[in-house]
file input_12.tsv (TSV, C-alpha atoms and all ligand atoms)
chain	number	residue	atom	x	y	z
O	90	MET	CA	-120.04	6.81	-7.73
O	91	THR	CA	-117.25	4.83	-6.10
O	92	THR	CA	-118.04	2.05	-3.67
O	93	GLY	CA	-115.45	3.39	-1.24
O	94	SER	CA	-111.80	4.12	-0.73
O	95	LEU	CA	-109.01	1.60	-0.13
O	96	LEU	CA	-105.40	2.15	0.83
O	97	ILE	CA	-103.18	-0.75	-0.19
O	98	LEU	CA	-99.97	-1.22	1.78
O	99	ALA	CA	-98.39	-4.36	0.34
O	100	GLY	CA	-95.26	-4.20	2.50
O	101	ASP	CA	-92.34	-6.60	2.32
O	102	GLY	CA	-91.45	-10.16	1.32
O	103	ILE	CA	-94.49	-12.03	0.00
O	104	GLY	CA	-96.74	-9.03	0.82
O	105	PRO	CA	-96.57	-7.56	-2.71
O	106	GLU	CA	-96.94	-11.04	-4.27
O	107	VAL	CA	-100.18	-11.91	-2.47
O	108	MET	CA	-101.49	-8.37	-2.86
O	109	ALA	CA	-101.07	-8.57	-6.65
O	110	GLU	CA	-103.69	-11.34	-6.62
O	111	VAL	CA	-106.07	-9.21	-4.57
O	112	ARG	CA	-105.64	-6.46	-7.17
O	113	LYS	CA	-106.91	-8.90	-9.81
O	114	ILE	CA	-109.99	-9.50	-7.66
O	115	ILE	CA	-110.58	-5.79	-7.06
O	116	ASP	CA	-110.37	-5.30	-10.83
O	117	TRP	CA	-112.83	-8.14	-11.35
O	118	TYR	CA	-115.38	-6.50	-9.04
O	119	GLY	CA	-114.96	-3.26	-10.99
O	120	ALA	CA	-115.41	-4.93	-14.36
O	121	LYS	CA	-118.08	-7.52	-13.54
O	122	ARG	CA	-120.01	-6.18	-10.54
O	123	ASP	CA	-119.75	-2.46	-11.15
O	124	LEU	CA	-118.05	-1.92	-7.79
O	125	SER	CA	-115.31	0.61	-8.30
O	126	PHE	CA	-112.96	1.28	-5.43
O	127	ASP	CA	-110.89	4.41	-5.13
O	128	VAL	CA	-107.56	2.62	-4.62
O	129	SER	CA	-104.38	4.32	-3.45
O	130	GLU	CA	-101.10	2.68	-2.57
O	131	GLY	CA	-98.38	3.38	-0.04
O	132	LEU	CA	-95.34	1.92	1.65
O	133	VAL	CA	-95.12	0.30	5.06
O	134	GLY	CA	-92.40	-1.63	6.86
O	135	GLY	CA	-88.96	-2.29	5.44
O	136	CYS	CA	-89.75	-0.89	1.99
O	137	SER	CA	-90.82	2.39	3.58
O	138	TYR	CA	-87.65	2.43	5.66
O	139	ASP	CA	-85.58	1.92	2.50
O	140	ALA	CA	-87.34	4.78	0.72
O	141	HIS	CA	-87.93	7.24	3.56
O	142	GLY	CA	-85.91	6.13	6.60
O	143	THR	CA	-89.11	5.36	8.54
O	144	PRO	CA	-91.44	2.35	8.50
O	145	LEU	CA	-94.46	4.62	8.01
O	146	THR	CA	-94.48	8.22	6.84
O	147	ASP	CA	-96.85	10.84	8.27
O	148	GLU	CA	-98.45	11.17	4.81
O	149	THR	CA	-99.26	7.46	4.65
O	150	MET	CA	-100.56	7.56	8.23
O	151	ALA	CA	-102.81	10.49	7.34
O	152	ARG	CA	-104.12	8.68	4.26
O	153	ALA	CA	-104.88	5.59	6.39
O	154	GLN	CA	-107.02	7.77	8.66
O	155	GLU	CA	-109.07	9.04	5.71
O	156	VAL	CA	-109.88	5.89	3.75
O	157	ASP	CA	-112.71	3.44	4.35
O	158	ALA	CA	-110.32	0.50	4.64
O	159	VAL	CA	-106.60	-0.22	4.72
O	160	LEU	CA	-105.46	-3.50	3.19
O	161	LEU	CA	-102.02	-4.60	4.35
O	162	GLY	CA	-99.79	-7.42	3.07
O	163	ALA	CA	-96.97	-8.17	5.51
O	164	VAL	CA	-93.91	-6.42	6.90
O	165	GLY	CA	-90.42	-7.42	7.95
O	166	GLY	CA	-87.52	-9.53	6.82
O	167	PRO	CA	-83.95	-10.46	7.68
O	168	ALA	CA	-82.55	-7.30	6.06
O	169	TYR	CA	-84.21	-5.24	8.79
O	170	ASP	CA	-83.58	-7.46	11.81
O	171	ASN	CA	-80.71	-5.35	13.13
O	172	LEU	CA	-82.36	-1.95	12.75
O	173	ASP	CA	-82.96	0.19	15.80
O	174	PHE	CA	-86.22	-0.80	17.54
O	175	SER	CA	-87.77	2.60	16.72
O	176	VAL	CA	-87.57	2.05	12.95
O	177	LYS	CA	-88.16	-1.69	12.72
O	178	PRO	CA	-90.77	-2.64	10.08
O	179	GLU	CA	-93.26	-3.80	12.75
O	180	ARG	CA	-93.30	-0.27	14.20
O	181	GLY	CA	-95.14	0.86	11.07
O	182	LEU	CA	-97.88	-1.68	11.67
O	183	LEU	CA	-98.09	-0.86	15.38
O	184	ARG	CA	-98.37	2.85	14.59
O	185	LEU	CA	-101.27	2.19	12.23
O	186	ARG	CA	-103.10	0.12	14.85
O	187	LYS	CA	-102.45	2.62	17.61
O	188	GLU	CA	-103.25	5.87	15.80
O	189	MET	CA	-106.35	4.42	14.14
O	190	ASP	CA	-107.35	3.12	17.61
O	191	LEU	CA	-108.26	-0.32	16.26
O	192	TYR	CA	-109.59	-1.89	19.43
O	193	SER	CA	-111.49	-4.83	17.99
O	194	ASN	CA	-109.46	-7.58	16.33
O	195	LEU	CA	-111.47	-10.11	14.34
O	196	ARG	CA	-109.86	-13.48	13.74
O	197	PRO	CA	-112.09	-15.98	11.96
O	198	ALA	CA	-111.38	-19.68	12.17
O	199	GLN	CA	-113.08	-21.20	9.20
O	200	CYS	CA	-112.47	-24.69	7.90
O	201	PHE	CA	-113.03	-25.27	4.21
O	202	ASP	CA	-114.25	-28.83	3.72
O	203	ALA	CA	-111.55	-29.56	1.15
O	204	LEU	CA	-108.88	-28.81	3.76
O	205	ALA	CA	-110.41	-30.57	6.76
O	206	ASP	CA	-107.64	-33.19	6.58
O	207	PHE	CA	-105.07	-30.49	7.30
O	208	SER	CA	-106.30	-29.98	10.83
O	209	SER	CA	-104.64	-31.80	13.70
O	210	LEU	CA	-108.16	-32.55	14.96
O	211	LYS	CA	-110.53	-35.20	13.64
O	212	LYS	CA	-112.30	-34.30	10.43
O	213	ASP	CA	-115.82	-34.30	11.92
O	214	VAL	CA	-114.67	-31.91	14.68
O	215	VAL	CA	-113.49	-29.25	12.21
O	216	ALA	CA	-115.35	-29.80	8.90
O	217	GLY	CA	-117.64	-26.81	8.30
O	218	LEU	CA	-116.22	-24.90	11.28
O	219	ASP	CA	-116.91	-21.15	11.13
O	220	ILE	CA	-116.21	-19.19	14.29
O	221	MET	CA	-115.01	-15.67	14.95
O	222	ILE	CA	-112.78	-14.59	17.80
O	223	VAL	CA	-113.02	-10.93	18.75
O	224	ARG	CA	-109.95	-9.89	20.69
O	225	GLU	CA	-109.63	-6.55	22.50
O	226	LEU	CA	-106.50	-5.07	20.94
O	227	THR	CA	-105.53	-1.75	22.48
O	228	SER	CA	-105.68	-2.24	26.25
O	229	GLY	CA	-105.24	-4.90	28.94
O	230	ILE	CA	-102.03	-6.40	30.22
O	231	TYR	CA	-99.91	-5.51	27.16
O	232	PHE	CA	-100.43	-1.81	27.85
O	233	GLY	CA	-101.32	-1.50	31.56
O	234	GLU	CA	-99.17	0.47	34.03
O	235	PRO	CA	-97.21	-0.10	36.18
O	236	ARG	CA	-94.97	-2.36	34.19
O	237	GLY	CA	-91.29	-3.15	34.15
O	238	ILE	CA	-88.60	-5.14	35.89
O	239	ILE	CA	-87.69	-3.77	39.32
O	240	LYS	CA	-85.31	-4.76	42.03
O	241	GLU	CA	-86.78	-5.97	45.31
O	242	GLY	CA	-84.12	-6.86	47.84
O	243	ASN	CA	-81.79	-9.31	46.19
O	244	GLU	CA	-83.94	-10.29	43.27
O	245	ARG	CA	-85.62	-8.84	40.21
O	246	VAL	CA	-89.40	-8.68	39.86
O	247	GLY	CA	-91.22	-8.56	36.52
O	248	ILE	CA	-94.45	-6.59	36.58
O	249	ASN	CA	-97.33	-6.21	34.14
O	250	THR	CA	-100.77	-4.88	34.94
O	251	GLN	CA	-104.11	-6.00	33.59
O	252	ARG	CA	-106.29	-2.90	33.47
O	253	TYR	CA	-109.61	-2.37	31.71
O	254	THR	CA	-112.03	0.55	31.90
O	255	GLU	CA	-115.76	0.00	31.52
O	256	SER	CA	-115.81	1.89	28.23
O	257	GLU	CA	-113.00	-0.22	26.78
O	258	ILE	CA	-114.92	-3.39	27.60
O	259	ALA	CA	-118.25	-2.00	26.41
O	260	ARG	CA	-116.99	-0.98	22.98
O	261	VAL	CA	-115.42	-4.32	22.15
O	262	ALA	CA	-118.53	-6.09	23.49
O	263	ARG	CA	-120.69	-4.00	21.12
O	264	SER	CA	-118.41	-4.94	18.26
O	265	ALA	CA	-118.89	-8.66	19.08
O	266	PHE	CA	-122.69	-8.36	19.43
O	267	GLU	CA	-122.96	-6.46	16.13
O	268	LEU	CA	-120.96	-9.20	14.42
O	269	ALA	CA	-123.05	-11.94	15.96
O	270	ARG	CA	-126.20	-10.35	14.54
O	271	ARG	CA	-124.71	-10.80	11.05
O	272	ARG	CA	-123.74	-14.41	11.78
O	273	GLY	CA	-125.14	-17.06	14.12
O	274	ASN	CA	-126.44	-14.55	16.73
O	275	LYS	CA	-124.44	-16.10	19.60
O	276	VAL	CA	-121.67	-14.57	21.71
O	277	CYS	CA	-119.55	-16.36	24.29
O	278	SER	CA	-117.54	-14.00	26.49
O	279	MET	CA	-114.36	-15.41	28.02
O	280	GLU	CA	-112.39	-14.12	31.04
O	281	LYS	CA	-111.14	-15.38	34.40
O	282	ALA	CA	-113.74	-13.82	36.68
O	283	ASN	CA	-112.98	-16.57	39.20
O	284	VAL	CA	-109.51	-15.19	39.92
O	285	MET	CA	-109.22	-11.68	38.39
O	286	GLU	CA	-111.07	-8.48	39.30
O	287	SER	CA	-110.68	-7.27	35.73
O	288	GLY	CA	-112.48	-10.47	34.77
O	289	ILE	CA	-115.35	-9.70	37.16
O	290	LEU	CA	-115.71	-6.23	35.63
O	291	TRP	CA	-115.45	-7.71	32.11
O	292	ARG	CA	-118.31	-10.13	32.81
O	293	ASP	CA	-120.45	-7.39	34.44
O	294	VAL	CA	-120.01	-4.90	31.61
O	295	VAL	CA	-120.62	-7.46	28.83
O	296	THR	CA	-123.79	-8.53	30.67
O	297	GLU	CA	-124.95	-4.91	31.02
O	298	VAL	CA	-124.32	-4.02	27.37
O	299	HIS	CA	-126.15	-7.18	26.35
O	300	ALA	CA	-129.20	-6.48	28.51
O	301	ALA	CA	-129.44	-2.84	27.44
O	302	GLU	CA	-128.74	-3.12	23.70
O	303	TYR	CA	-128.47	-6.69	22.43
O	304	ALA	CA	-130.98	-8.84	24.30
O	305	ASP	CA	-131.86	-10.55	20.99
O	306	VAL	CA	-128.34	-12.08	20.83
O	307	GLU	CA	-127.67	-15.26	22.84
O	308	LEU	CA	-124.94	-14.59	25.41
O	309	SER	CA	-122.95	-17.06	27.47
O	310	HIS	CA	-119.85	-16.74	29.65
O	311	MET	CA	-116.94	-19.11	30.08
O	312	TYR	CA	-113.65	-19.02	31.96
O	313	ALA	CA	-110.91	-18.61	29.38
O	314	ASP	CA	-109.08	-21.81	30.40
O	315	ALA	CA	-112.28	-23.83	30.02
O	316	GLY	CA	-112.82	-22.03	26.71
O	317	ALA	CA	-109.44	-23.22	25.47
O	318	MET	CA	-110.44	-26.80	26.27
O	319	GLN	CA	-113.81	-26.44	24.60
O	320	LEU	CA	-112.17	-24.98	21.47
O	321	CYS	CA	-110.18	-28.19	21.08
O	322	ARG	CA	-113.00	-30.51	22.15
O	323	TRP	CA	-115.93	-29.20	20.08
O	324	PRO	CA	-115.24	-25.81	18.45
O	325	LYS	CA	-118.48	-25.82	16.48
O	326	GLN	CA	-120.41	-24.97	19.67
O	327	PHE	CA	-119.18	-21.35	19.27
O	328	ASP	CA	-120.20	-18.55	16.93
O	329	VAL	CA	-118.53	-15.34	18.19
O	330	ILE	CA	-116.10	-15.40	21.11
O	331	VAL	CA	-115.21	-12.07	22.73
O	332	THR	CA	-112.24	-11.81	25.04
O	333	ASP	CA	-109.45	-9.56	26.27
O	334	ASN	CA	-106.09	-8.85	24.68
O	335	LEU	CA	-104.03	-11.56	26.39
O	336	PHE	CA	-106.56	-14.41	26.27
O	337	GLY	CA	-107.52	-13.37	22.76
O	338	ASP	CA	-103.92	-13.56	21.63
O	339	LEU	CA	-103.71	-17.18	22.78
O	340	LEU	CA	-107.20	-18.35	21.91
O	341	SER	CA	-107.17	-16.88	18.41
O	342	ASP	CA	-103.86	-18.54	17.55
O	343	ALA	CA	-105.10	-21.87	18.87
O	344	ALA	CA	-108.42	-21.55	17.02
O	345	ALA	CA	-106.67	-20.54	13.81
O	346	MET	CA	-104.56	-23.64	13.84
O	347	LEU	CA	-107.67	-25.81	14.02
O	348	THR	CA	-108.04	-25.01	10.37
O	349	GLY	CA	-104.62	-25.84	8.93
O	350	SER	CA	-102.27	-23.53	7.04
O	351	LEU	CA	-101.06	-20.07	7.96
O	352	GLY	CA	-101.52	-19.13	4.31
O	353	MET	CA	-105.31	-19.34	4.76
O	354	LEU	CA	-105.91	-17.01	7.71
O	355	PRO	CA	-107.34	-13.51	7.29
O	356	SER	CA	-107.94	-10.87	9.97
O	357	ALA	CA	-109.55	-7.50	10.50
O	358	SER	CA	-108.95	-4.80	13.08
O	359	LEU	CA	-111.78	-2.34	13.57
O	360	GLY	CA	-112.09	0.94	15.42
O	361	ALA	CA	-114.79	3.49	16.10
O	362	PRO	CA	-117.26	4.47	13.35
O	363	MET	CA	-116.16	7.38	11.14
O	364	GLU	CA	-118.45	10.21	10.00
O	365	ASN	CA	-119.82	8.05	7.17
O	366	GLY	CA	-120.75	5.33	9.68
O	367	ARG	CA	-118.05	2.91	8.53
O	368	PRO	CA	-115.58	1.75	11.18
O	369	LYS	CA	-111.91	2.60	10.93
O	370	ALA	CA	-110.52	-0.62	9.54
O	371	LEU	CA	-107.32	-2.49	8.71
O	372	TYR	CA	-107.45	-5.87	6.97
O	373	GLU	CA	-104.44	-8.15	6.78
O	374	PRO	CA	-103.45	-11.80	6.54
O	375	VAL	CA	-102.24	-13.31	9.81
O	376	HIS	CA	-98.99	-14.54	8.25
O	377	GLY	CA	-95.76	-12.57	8.02
O	378	SER	CA	-93.53	-11.72	5.09
O	379	ALA	CA	-92.27	-15.32	4.71
O	380	PRO	CA	-88.71	-14.46	3.58
O	381	ASP	CA	-87.99	-18.18	3.05
O	382	ILE	CA	-90.32	-18.28	0.04
O	383	ALA	CA	-90.43	-14.62	-1.05
O	384	GLY	CA	-89.84	-13.98	-4.73
O	385	GLN	CA	-90.44	-17.60	-5.71
O	386	GLY	CA	-94.13	-17.49	-6.63
O	387	LYS	CA	-94.89	-20.03	-3.90
O	388	ALA	CA	-96.94	-17.90	-1.50
O	389	ASN	CA	-100.56	-18.76	-0.93
O	390	PRO	CA	-102.59	-15.59	-1.60
O	391	ILE	CA	-105.80	-16.91	0.00
O	392	ALA	CA	-105.28	-15.29	3.44
O	393	CYS	CA	-104.95	-11.91	1.75
O	394	VAL	CA	-107.90	-12.60	-0.57
O	395	LEU	CA	-110.07	-13.59	2.41
O	396	SER	CA	-108.96	-10.41	4.20
O	397	PHE	CA	-110.39	-8.47	1.25
O	398	ALA	CA	-113.60	-10.51	1.60
O	399	MET	CA	-113.78	-9.31	5.20
O	400	ALA	CA	-113.36	-5.72	3.95
O	401	LEU	CA	-116.26	-6.21	1.56
O	402	ARG	CA	-118.42	-7.45	4.43
O	403	TYR	CA	-117.43	-5.17	7.30
O	404	SER	CA	-116.34	-1.92	5.64
O	405	PHE	CA	-118.51	-1.81	2.54
O	406	ASP	CA	-121.57	-3.72	3.75
O	407	LEU	CA	-121.32	-6.03	0.74
O	408	GLY	CA	-122.02	-9.28	2.55
O	409	ALA	CA	-123.36	-11.04	-0.55
O	410	GLU	CA	-120.22	-10.17	-2.52
O	411	ALA	CA	-118.05	-11.36	0.37
O	412	ASP	CA	-120.00	-14.64	0.32
O	413	ARG	CA	-119.37	-14.86	-3.43
O	414	LEU	CA	-115.61	-14.43	-2.97
O	415	GLU	CA	-115.45	-16.96	-0.13
O	416	ALA	CA	-117.46	-19.41	-2.21
O	417	ALA	CA	-115.02	-18.90	-5.10
O	418	VAL	CA	-112.12	-19.79	-2.78
O	419	GLU	CA	-114.05	-22.81	-1.55
O	420	LYS	CA	-114.70	-23.96	-5.13
O	421	VAL	CA	-111.05	-23.62	-6.13
O	422	LEU	CA	-110.00	-25.71	-3.14
O	423	ALA	CA	-112.72	-28.28	-3.80
O	424	ASP	CA	-111.40	-28.53	-7.38
O	425	GLY	CA	-108.04	-29.57	-5.93
O	426	VAL	CA	-106.09	-26.40	-6.78
O	427	ARG	CA	-103.29	-26.12	-4.22
O	428	THR	CA	-100.35	-23.85	-3.51
O	429	ALA	CA	-97.30	-25.64	-2.10
O	430	ASP	CA	-98.25	-25.01	1.56
O	431	LEU	CA	-101.50	-26.94	1.03
O	432	LEU	CA	-100.01	-30.06	-0.46
O	433	GLY	CA	-100.69	-33.27	1.34
O	434	GLN	CA	-101.72	-35.70	-1.32
O	435	GLU	CA	-99.19	-37.43	-3.51
O	436	GLY	CA	-99.22	-36.62	-7.18
O	437	VAL	CA	-100.69	-33.12	-6.89
O	438	THR	CA	-98.61	-30.44	-8.57
O	439	PRO	CA	-98.69	-27.11	-6.77
O	440	VAL	CA	-99.83	-23.95	-8.54
O	441	SER	CA	-98.04	-20.63	-8.24
O	442	THR	CA	-99.32	-17.58	-6.37
O	443	SER	CA	-100.46	-16.05	-9.61
O	444	GLN	CA	-102.17	-19.24	-10.83
O	445	MET	CA	-104.10	-19.45	-7.55
O	446	GLY	CA	-105.25	-15.85	-8.06
O	447	ASP	CA	-106.30	-16.65	-11.63
O	448	ALA	CA	-108.22	-19.72	-10.47
O	449	ILE	CA	-110.14	-17.62	-7.94
O	450	VAL	CA	-110.97	-15.05	-10.62
O	451	ALA	CA	-112.18	-17.87	-12.90
O	452	ALA	CA	-114.38	-19.18	-10.08
O	453	LEU	CA	-115.77	-15.66	-9.61
O	454	ASP	CA	-116.59	-15.60	-13.33
O	455	ALA	CA	-118.34	-18.95	-12.99
O	456	SER	CA	-120.45	-17.54	-10.13
O	457	LEU	CA	-122.21	-15.04	-12.41
L	1	LIG	P1	-94.21	-16.00	8.55
L	1	LIG	O1	-95.68	-16.00	8.78
L	1	LIG	O2	-93.68	-15.00	7.63
L	1	LIG	O3	-93.75	-17.46	8.05
L	1	LIG	C1	-93.88	-18.64	8.82
L	1	LIG	C2	-93.87	-19.87	7.88
L	1	LIG	O4	-95.11	-19.94	7.19
L	1	LIG	C3	-92.79	-19.78	6.81
L	1	LIG	O5	-92.28	-21.07	6.57
L	1	LIG	C4	-93.52	-19.28	5.59
L	1	LIG	O6	-92.95	-19.71	4.37
L	1	LIG	C5	-94.91	-19.87	5.79
L	1	LIG	N1	-95.94	-18.98	5.22
L	1	LIG	C6	-96.39	-17.81	5.75
L	1	LIG	N2	-97.29	-17.25	4.95
L	1	LIG	C7	-97.45	-18.08	3.90
L	1	LIG	C8	-98.24	-18.03	2.72
L	1	LIG	N3	-99.08	-17.02	2.47
L	1	LIG	N4	-98.13	-19.04	1.85
L	1	LIG	C9	-97.31	-20.08	2.07
L	1	LIG	N5	-96.53	-20.17	3.17
L	1	LIG	C10	-96.58	-19.19	4.07
L	1	LIG	O7	-93.53	-15.84	10.01
L	1	LIG	P2	-91.98	-15.68	10.38
L	1	LIG	O8	-91.14	-16.53	9.48
L	1	LIG	O9	-91.93	-15.88	11.84
L	1	LIG	O10	-91.64	-14.15	10.12
L	1	LIG	C11	-91.05	-13.66	8.91
L	1	LIG	C12	-91.05	-12.14	8.96
L	1	LIG	O11	-92.39	-11.65	8.98
L	1	LIG	C13	-90.38	-11.56	10.20
L	1	LIG	O12	-89.65	-10.42	9.84
L	1	LIG	C14	-91.54	-11.22	11.11
L	1	LIG	O13	-91.22	-10.15	11.99
L	1	LIG	C15	-92.57	-10.78	10.09
L	1	LIG	N6	-93.96	-10.90	10.52
L	1	LIG	C16	-94.81	-9.95	10.08
L	1	LIG	C17	-96.16	-10.04	10.38
L	1	LIG	C18	-97.09	-8.99	9.82
L	1	LIG	O14	-96.72	-8.28	8.90
L	1	LIG	N7	-98.32	-8.89	10.30
L	1	LIG	C19	-96.65	-11.11	11.13
L	1	LIG	C20	-95.76	-12.10	11.54
L	1	LIG	C21	-94.41	-11.98	11.22

call {"tool": "encode", "arguments": {"input": "input_12.tsv", "output": "structure tokens", "more": "lines below"}}
Ligand code: NAD
result
Amino acid sequence: MTTGSLLILAGDGIGPEVMAEVRKIIDWYGAKRDLSFDVSEGLVGGCSYDAHGTPLTDETMARAQEVDAVLLGAVGGPAYDNLDFSVKPERGLLRLRKEMDLYSNLRPAQCFDALADFSSLKKDVVAGLDIMIVRELTSGIYFGEPRGIIKEGNERVGINTQRYTESEIARVARSAFELARRRGNKVCSMEKANVMESGILWRDVVTEVHAAEYADVELSHMYADAGAMQLCRWPKQFDVIVTDNLFGDLLSDAAAMLTGSLGMLPSASLGAPMENGRPKALYEPVHGSAPDIAGQGKANPIACVLSFAMALRYSFDLGAEADRLEAAVEKVLADGVRTADLLGQEGVTPVSTSQMGDAIVAALDASL
């Protein structure tokens, strides 16, 4: 019996390079842990445009809707910068997110001890940090109507609308509470209820969902601006933070940078449960296609590897195996293995993308 189905969309630039290392890890789980995934592959972004004239074909979209998890590398690159907006590589990614209705975006900020010096904050503020930001991804001010730039008298007016329905708030709140139960059992909800009606509704609905379904989870509320300050002051006070699309965009980027390199940051976007109970899911590193280093074996594959760890945990309910993979990454870093983006100390020679993947596989072997 297979553990589940995976669609791999490696994409452009360093996407295929980092994904090749994840393939080694998937193979390792098959060989050593008897976890066999039904893996299919497809094209997304510029490579799909080159082959089919579109950044995502209907066939690939349909396959993404069927599988238990989609694992994506990165899309884009200078060769596609001048394409029409409708066929730009990013449109493929946006179509996936939209049609799979991935409303809950999970952005962990985790600081591996070996990399604590990389943070711009003091070591004791970030060492051992492990928080999760849950950002609402399919509604709010980026989608609300009316929007546009209109003329009013002699000047132009730019308009965007923050709009949330109760059900949109409730479903992302549930996603955050469910996550908290698997982690530190604490949720902090952030909005601006002091100045925004949508914030008042957000706070009310999160409170109602909590009281009715998740009273065992500790819930607190914070204004998003105060939350930004607290994230920089003492981020370890948080476990799960749930917030809207706009605040989540800002807060998750700020929190991610607490931990150092872009090459280390995974993410997951989850939607409603499918018939088999698993959520619709897309896992991807936060970084882009890094054209400046593509094809040179310099890319750090850890963000993509940790995205697969998230898939193990959230799509396949294999939390212990996800822990094993994260511990393998931690061990490799503690042993001083570094890709070029993680260099800081003099005298350390960087390893290639492939060597980093091999080191993680060796650490997995050592974990048995
Ligand atoms: P980027 O994330 O690709 O690169 C920013 C910097 O970080 C570069 O110097 C790059 O070398 C470095 N970097 C990124 N990932 C790394 C890794 N794994 N290992 C080592 N170094 C790494 O962002 P950008 O340069 O602004 O964008 C490049 C292209 O990627 C653009 O076409 C952009 O549209 C696209 N993009 C795609 C995604 C996505 O697929 N989700 C996200 C962001 C940007």

call {"tool": "residues_near_ligand", "arguments": {"input": "input_12.tsv", "ligand": "ligand LIG 1 (chain L)", "cutoff": "10 Å", "atoms": "all atoms listed in the file", "output": "PyMOL selection string"}}
result
chain O and resi 99-104+106-107+133-135+161-170+177-179+181-183+350-354+356+373-383+386-393+428-431+442

call {"tool": "write_last_selection", "arguments": {"input": "input_12.tsv", "atoms": "C-alpha atoms", "output": "short mmCIF file (atom, residue, chain, number, x, y, z; two decimals), in the frame of the given file"}}
result
data_model
loop_
_atom_site.label_atom_id
_atom_site.label_comp_id
_atom_site.auth_asym_id
_atom_site.auth_seq_id
_atom_site.Cartn_x
_atom_site.Cartn_y
_atom_site.Cartn_z
CA ALA O 99 -98.39 -4.36 0.34
CA GLY O 100 -95.26 -4.20 2.50
CA ASP O 101 -92.34 -6.60 2.32
CA GLY O 102 -91.45 -10.16 1.32
CA ILE O 103 -94.49 -12.03 0.00
CA GLY O 104 -96.74 -9.03 0.82
CA GLU O 106 -96.94 -11.04 -4.27
CA VAL O 107 -100.18 -11.91 -2.47
CA VAL O 133 -95.12 0.30 5.06
CA GLY O 134 -92.40 -1.63 6.86
CA GLY O 135 -88.96 -2.29 5.44
CA LEU O 161 -102.02 -4.60 4.35
CA GLY O 162 -99.79 -7.42 3.07
CA ALA O 163 -96.97 -8.17 5.51
CA VAL O 164 -93.91 -6.42 6.90
CA GLY O 165 -90.42 -7.42 7.95
CA GLY O 166 -87.52 -9.53 6.82
CA PRO O 167 -83.95 -10.46 7.68
CA ALA O 168 -82.55 -7.30 6.06
CA TYR O 169 -84.21 -5.24 8.79
CA ASP O 170 -83.58 -7.46 11.81
CA LYS O 177 -88.16 -1.69 12.72
CA PRO O 178 -90.77 -2.64 10.08
CA GLU O 179 -93.26 -3.80 12.75
CA GLY O 181 -95.14 0.86 11.07
CA LEU O 182 -97.88 -1.68 11.67
CA LEU O 183 -98.09 -0.86 15.38
CA SER O 350 -102.27 -23.53 7.04
CA LEU O 351 -101.06 -20.07 7.96
CA GLY O 352 -101.52 -19.13 4.31
CA MET O 353 -105.31 -19.34 4.76
CA LEU O 354 -105.91 -17.01 7.71
CA SER O 356 -107.94 -10.87 9.97
CA GLU O 373 -104.44 -8.15 6.78
CA PRO O 374 -103.45 -11.80 6.54
CA VAL O 375 -102.24 -13.31 9.81
CA HIS O 376 -98.99 -14.54 8.25
CA GLY O 377 -95.76 -12.57 8.02
CA SER O 378 -93.53 -11.72 5.09
CA ALA O 379 -92.27 -15.32 4.71
CA PRO O 380 -88.71 -14.46 3.58
CA ASP O 381 -87.99 -18.18 3.05
CA ILE O 382 -90.32 -18.28 0.04
CA ALA O 383 -90.43 -14.62 -1.05
CA GLY O 386 -94.13 -17.49 -6.63
CA LYS O 387 -94.89 -20.03 -3.90
CA ALA O 388 -96.94 -17.90 -1.50
CA ASN O 389 -100.56 -18.76 -0.93
CA PRO O 390 -102.59 -15.59 -1.60
CA ILE O 391 -105.80 -16.91 0.00
CA ALA O 392 -105.28 -15.29 3.44
CA CYS O 393 -104.95 -11.91 1.75
CA THR O 428 -100.35 -23.85 -3.51
CA ALA O 429 -97.30 -25.64 -2.10
CA ASP O 430 -98.25 -25.01 1.56
CA LEU O 431 -101.50 -26.94 1.03
CA THR O 442 -99.32 -17.58 -6.37
#

call {"tool": "residues_near_point", "arguments": {"input": "input_12.tsv", "point": "(-116.9, -10.2, 37.1)", "cutoff": "10 Å", "atoms": "only C-alpha atoms", "output": "NGL selection string"}}
result
:O and (280-296)

call {"tool": "residues_around", "arguments": {"input": "input_12.tsv", "residues": "O:Ile222", "least_positions_apart": "3", "cutoff": "6 Å", "atoms": "only C-alpha atoms", "output": "MDAnalysis selection string"}}
result
chainID O and resid 195:196 329:330

call {"tool": "residues_around", "arguments": {"input": "input_12.tsv", "residues": "O:Ala455", "least_positions_apart": "4", "cutoff": "9 Å", "atoms": "all atoms listed in the file", "output": "PyMOL selection string"}}
result
chain O and resi 417+450-451

call {"tool": "closest_residue", "arguments": {"input": "input_12.tsv", "among": "O:Val215, O:Ala317, O:Met311, O:Val421", "to": "O:Thr348", "atoms": "only C-alpha atoms"}}
result
O:Val215

call {"tool": "atom_distance", "arguments": {"input": "input_12.tsv", "atom1": "atom CA of O:Phe405", "atom2": "atom CA of O:Arg272"}}
result
16.5 Å

call {"tool": "residues_around", "arguments": {"input": "input_12.tsv", "residues": "stretch 123-128 of chain O", "least_positions_apart": "6", "cutoff": "7 Å", "atoms": "all atoms listed in the file", "output": "list in words"}}
result
Thr91, Thr92, Gly93, Ser94, Leu95 and Leu96 of chain O

call {"tool": "residues_near_point", "arguments": {"input": "input_12.tsv", "point": "(-129.9, -8.4, 21.9)", "cutoff": "10 Å", "atoms": "only C-alpha atoms", "output": "VMD selection string"}}
result
chain O and resid 266 to 267 269 to 270 274 to 275 298 to 308

call {"tool": "residues_around", "arguments": {"input": "input_12.tsv", "residues": "O:Ser209", "least_positions_apart": "4", "cutoff": "9 Å", "atoms": "all atoms listed in the file", "output": "short mmCIF file (atom, residue, chain, number, x, y, z; two decimals) with C-alpha atoms, in the frame of the given file"}}
result
data_model
loop_
_atom_site.label_atom_id
_atom_site.label_comp_id
_atom_site.auth_asym_id
_atom_site.auth_seq_id
_atom_site.Cartn_x
_atom_site.Cartn_y
_atom_site.Cartn_z
CA MET O 346 -104.56 -23.64 13.84
CA LEU O 347 -107.67 -25.81 14.02
CA THR O 348 -108.04 -25.01 10.37
CA GLY O 349 -104.62 -25.84 8.93
#
